[in-house]
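Quick notes on the structure that follows.
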Protein chains: 2
Amino acid sequence: MTGTTETRGERKQRTRRAILDATLELCDDSSLVALSLRQVAKQVGIVPTAFYRHFDSIESLGLALVDESFVSLRALLRDVRRHDPAYRDIVDQSVDTLVTHVQKERQHFQFIVRERAAGPLAVRAAIRHQVELCERELATDLARLPGTETWSSEDLQVLSHLIVMAMVATAEDIVESAGRPDAVTAVNERARTQLRMVLIGAFQWKSRD
Amino acid sequence: MTGTTETRGERKQRTRRAILDATLELCDDSSLVALSLRQVAKQVGIVPTAFYRHFDSIESLGLALVDESFVSLRALLRDVRRHDPAYRDIVDQSVDTLVTHVQKERQHFQFIVRERAAGPLAVRAAIRHQVELCERELATDLARLPGTETWSSEDLQVLSHLIVMAMVATAEDIVESAGRPDAVTAVNERARTQLRMVLIGAFQWKSRD
DNA sequence: GAGTTCGGTGTACACCTGTACACCAAAAGT
DNA sequence: ACTTTTGGTGTACAGGTGTACACCGAACTC
């Protein structure tokens with residue numbers, strides 16, 4: 001098909017990729033729990049039983065997609081952190097990065113947002129776990145910021161929970177307004193304002209202990 | 001069955017109720033989009049085709065459940081508002097009310113949280129619309145609070161969006177930790193702290209215009 | 001009291017579902 | 001050159017799926 005002969009591993013990885021892509025495609029307007037192995041197989045162009053050569057259930061396929069999605073999310077976080085922490089407006093920068101990434105990787109983020117609430121049990125658990133990791137990482141980042149020296153670690157966690165939650169919601173909104181540039185910029189601006197409000201509150205905050 | 005004869009309208013409403021309840025029950029560990037008409041019928045104890053006497057699809061059944069769920073949510077909001085706005089700690093009061101309500105109407109809130117992200121298109125739209133209404137109501141409430149006189153209406157909307165979002169997330173967490181009292185109180189406390197942080201930021205806020 | 005309405009039943013059909021099984025061809029290992 | 005491994009195929013089956021159709025009996029209407 002491609003002209004050159006293919007090693008066996010290459011081919012396996014190629015159809016594995018095709019399965020993942022097909023699933024993301026189908027998840028555009030449905031959810032994993034409403035997805036059948038046969039639909040996926042048809043979309044890929046393989047026979048249903050061939051699916052088992054790569055995953056032993058829709059659920060484990062979902063887990064693979066979670067892993068993959070969080071790779072791109074980590075890329076996003078790295079981008080955000082790479083910028084000078086003293087940068088004039090870290091908020092604008094962070095929100096822009098988020099909005100750009102979500103648009104670029106729309107299908108992955110849509111998948112995460114949907115399955116986080118409605119996916120198979122194991123998938124939901126995996127997503128919650130990953131989000132928790134993000135929260136912890138953010139908390140340690142926040143701890144390095146000037147002004148948080150007096151904070152208790154609980155309060156740091158609460159703040160990062162709040163911020164991550166707001167970012168998840170923003171990602172939801174971006175996915176929702178895909179293809180409508182004006183809606184995207186509206187979400188962008190709202191997210192900035194929200195984040196500023198939260199940070200102003202945080203700067204004013206004093207832990208009780 | 002009940003001994004007394006039943007009017008036809010009573011009976012219809014009774015099995016309609018049974019269908020709604022059965023669906024909520026089944027949605028405990030699945031989603032509407034993964035639910036079949038036959039499963040619902042079996043759970044209710046009627047024959048599949050009888051379903052059509054009440055709803056013409058799973059989707060319209062979903063819409064009915066959205067309406068019903070938001071009745072109980074409005075009850076919650078009324079409760080929150082009924083309290084003296086000058087009450088010593090309006091945050092504690094509001095969060096307690098939320099936590100109590102979500103636990104009492106767990107199935108409804110679980111349904112909303114899940115279908116908000118993964119339900120059929122029309123159901124998702126209905127939920128988003130209702131949440132938007134809640135945001136608007138909250139915005140007008142906030143406008144009556146002392147200290148928000150200088151705020152632009154956009155900023156008021158942004159703040160209420162932020163608060164509603166946080167409350168939705170809190171409801172998610174409460175549903176998640178159903179049956180584990182310690183987890184519930186942890187979520188409760190975190191929600192209070194978050195809301196305080198946000199409100200501190202809000203009090204400090206000055207609209208640009 | 002006769003006729004109508006309507007919630008619920010049972011049968012039937014075409015289609016989709018997961019998965020077991022036997023098979024193939026070509027790459028990989030020897 | 002041989003055997004083995006393996007990704008993919010085709011057939012087959014027992015179930016679940018939505019829904020069309022004809023029907024029933026009791027609550028309603030007149």
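Lettering and numbering for the structure tokens are positional, with chains as A, B, ... in the shown order, residues counted from 1 in each chain, and ligands counted from 1 in the shown order.
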Problem - Contact set, chain A to chain C: 8 Å, only C-alpha atoms (C1' of nucleotides), as a VMD selection string - result: chain A and resid 7 to 8 36 to 38 49
Since we have the selection now, will you write its residues out, keeping C-alpha atoms, as an mmCIF file, in the first residue's frame?
```
data_model
loop_
_atom_site.group_PDB
_atom_site.id
_atom_site.type_symbol
_atom_site.label_atom_id
_atom_site.label_comp_id
_atom_site.auth_asym_id
_atom_site.auth_seq_id
_atom_site.Cartn_x
_atom_site.Cartn_y
_atom_site.Cartn_z
ATOM 1 C CA THR A 7 8.174 -4.416 9.413
ATOM 2 C CA ARG A 8 5.631 -6.198 11.583
ATOM 3 C CA SER A 36 -19.170 -0.564 20.239
ATOM 4 C CA LEU A 37 -16.115 -2.497 19.277
ATOM 5 C CA ARG A 38 -17.707 -3.062 15.877
ATOM 6 C CA THR A 49 -12.049 -9.599 15.868
#
```
Practice task
Pull out every residue of chain B that has at least one atom within 12 Å of chain D, counting only C-alpha atoms (C1' of nucleotides), and report them as a PyMOL selection string.
Solution key: chain B and resi 5-12+34-39+48-52+56-58
Could you please take those selected residues and save C-alpha atoms as an mmCIF file, in the first residue's frame?
```cif
data_model
loop_
_atom_site.group_PDB
_atom_site.id
_atom_site.type_symbol
_atom_site.label_atom_id
_atom_site.label_comp_id
_atom_site.auth_asym_id
_atom_site.auth_seq_id
_atom_site.Cartn_x
_atom_site.Cartn_y
_atom_site.Cartn_z
ATOM 1 C CA THR B 5 -59.359 1.279 41.866
ATOM 2 C CA GLU B 6 -57.245 3.845 40.069
ATOM 3 C CA THR B 7 -58.231 6.569 37.696
ATOM 4 C CA ARG B 8 -56.539 6.348 34.331
ATOM 5 C CA GLY B 9 -54.600 9.571 34.786
ATOM 6 C CA GLU B 10 -53.308 8.406 38.150
ATOM 7 C CA ARG B 11 -52.062 5.175 36.714
ATOM 8 C CA LYS B 12 -50.366 6.916 33.791
ATOM 9 C CA ALA B 34 -25.561 3.901 26.874
ATOM 10 C CA LEU B 35 -29.089 3.168 28.039
ATOM 11 C CA SER B 36 -31.549 1.147 26.032
ATOM 12 C CA LEU B 37 -35.268 1.533 26.032
ATOM 13 C CA ARG B 38 -35.538 -2.157 26.823
ATOM 14 C CA GLN B 39 -33.373 -1.925 29.922
ATOM 15 C CA PRO B 48 -40.777 -2.339 25.838
ATOM 16 C CA THR B 49 -43.444 -0.937 23.542
ATOM 17 C CA ALA B 50 -45.374 0.473 26.508
ATOM 18 C CA PHE B 51 -42.531 2.938 26.941
ATOM 19 C CA TYR B 52 -43.825 4.866 23.941
ATOM 20 C CA ASP B 56 -41.111 8.882 22.255
ATOM 21 C CA SER B 57 -37.392 8.338 22.798
ATOM 22 C CA ILE B 58 -34.713 8.065 25.430
#
```
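Put simply, atom CA of B:Arg190 is 13.2 Å away from atom CA of B:Glu172.
Distance criterion 7 Å to chain B, applied with only C-alpha atoms, yields Ser31, Val33, Ala34, Val113, Arg114, Ala117, Ala118, Val158, Leu159, Leu162, Arg190, Gln194, Met197, Val198, Ile200, Gly201, Ala202 and Trp205 of chain A on chain A.
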Practice task
Would you mind writing down, as a ChimeraX atom specification, each residue of stretch 32-202 of chain A that DSSP on the backbone assigns to helix (DSSP H, G or I)?
Solution key: /A:32-34,37-44,48-53,58-82,90-104,106-118,121-144,153-176,181-202
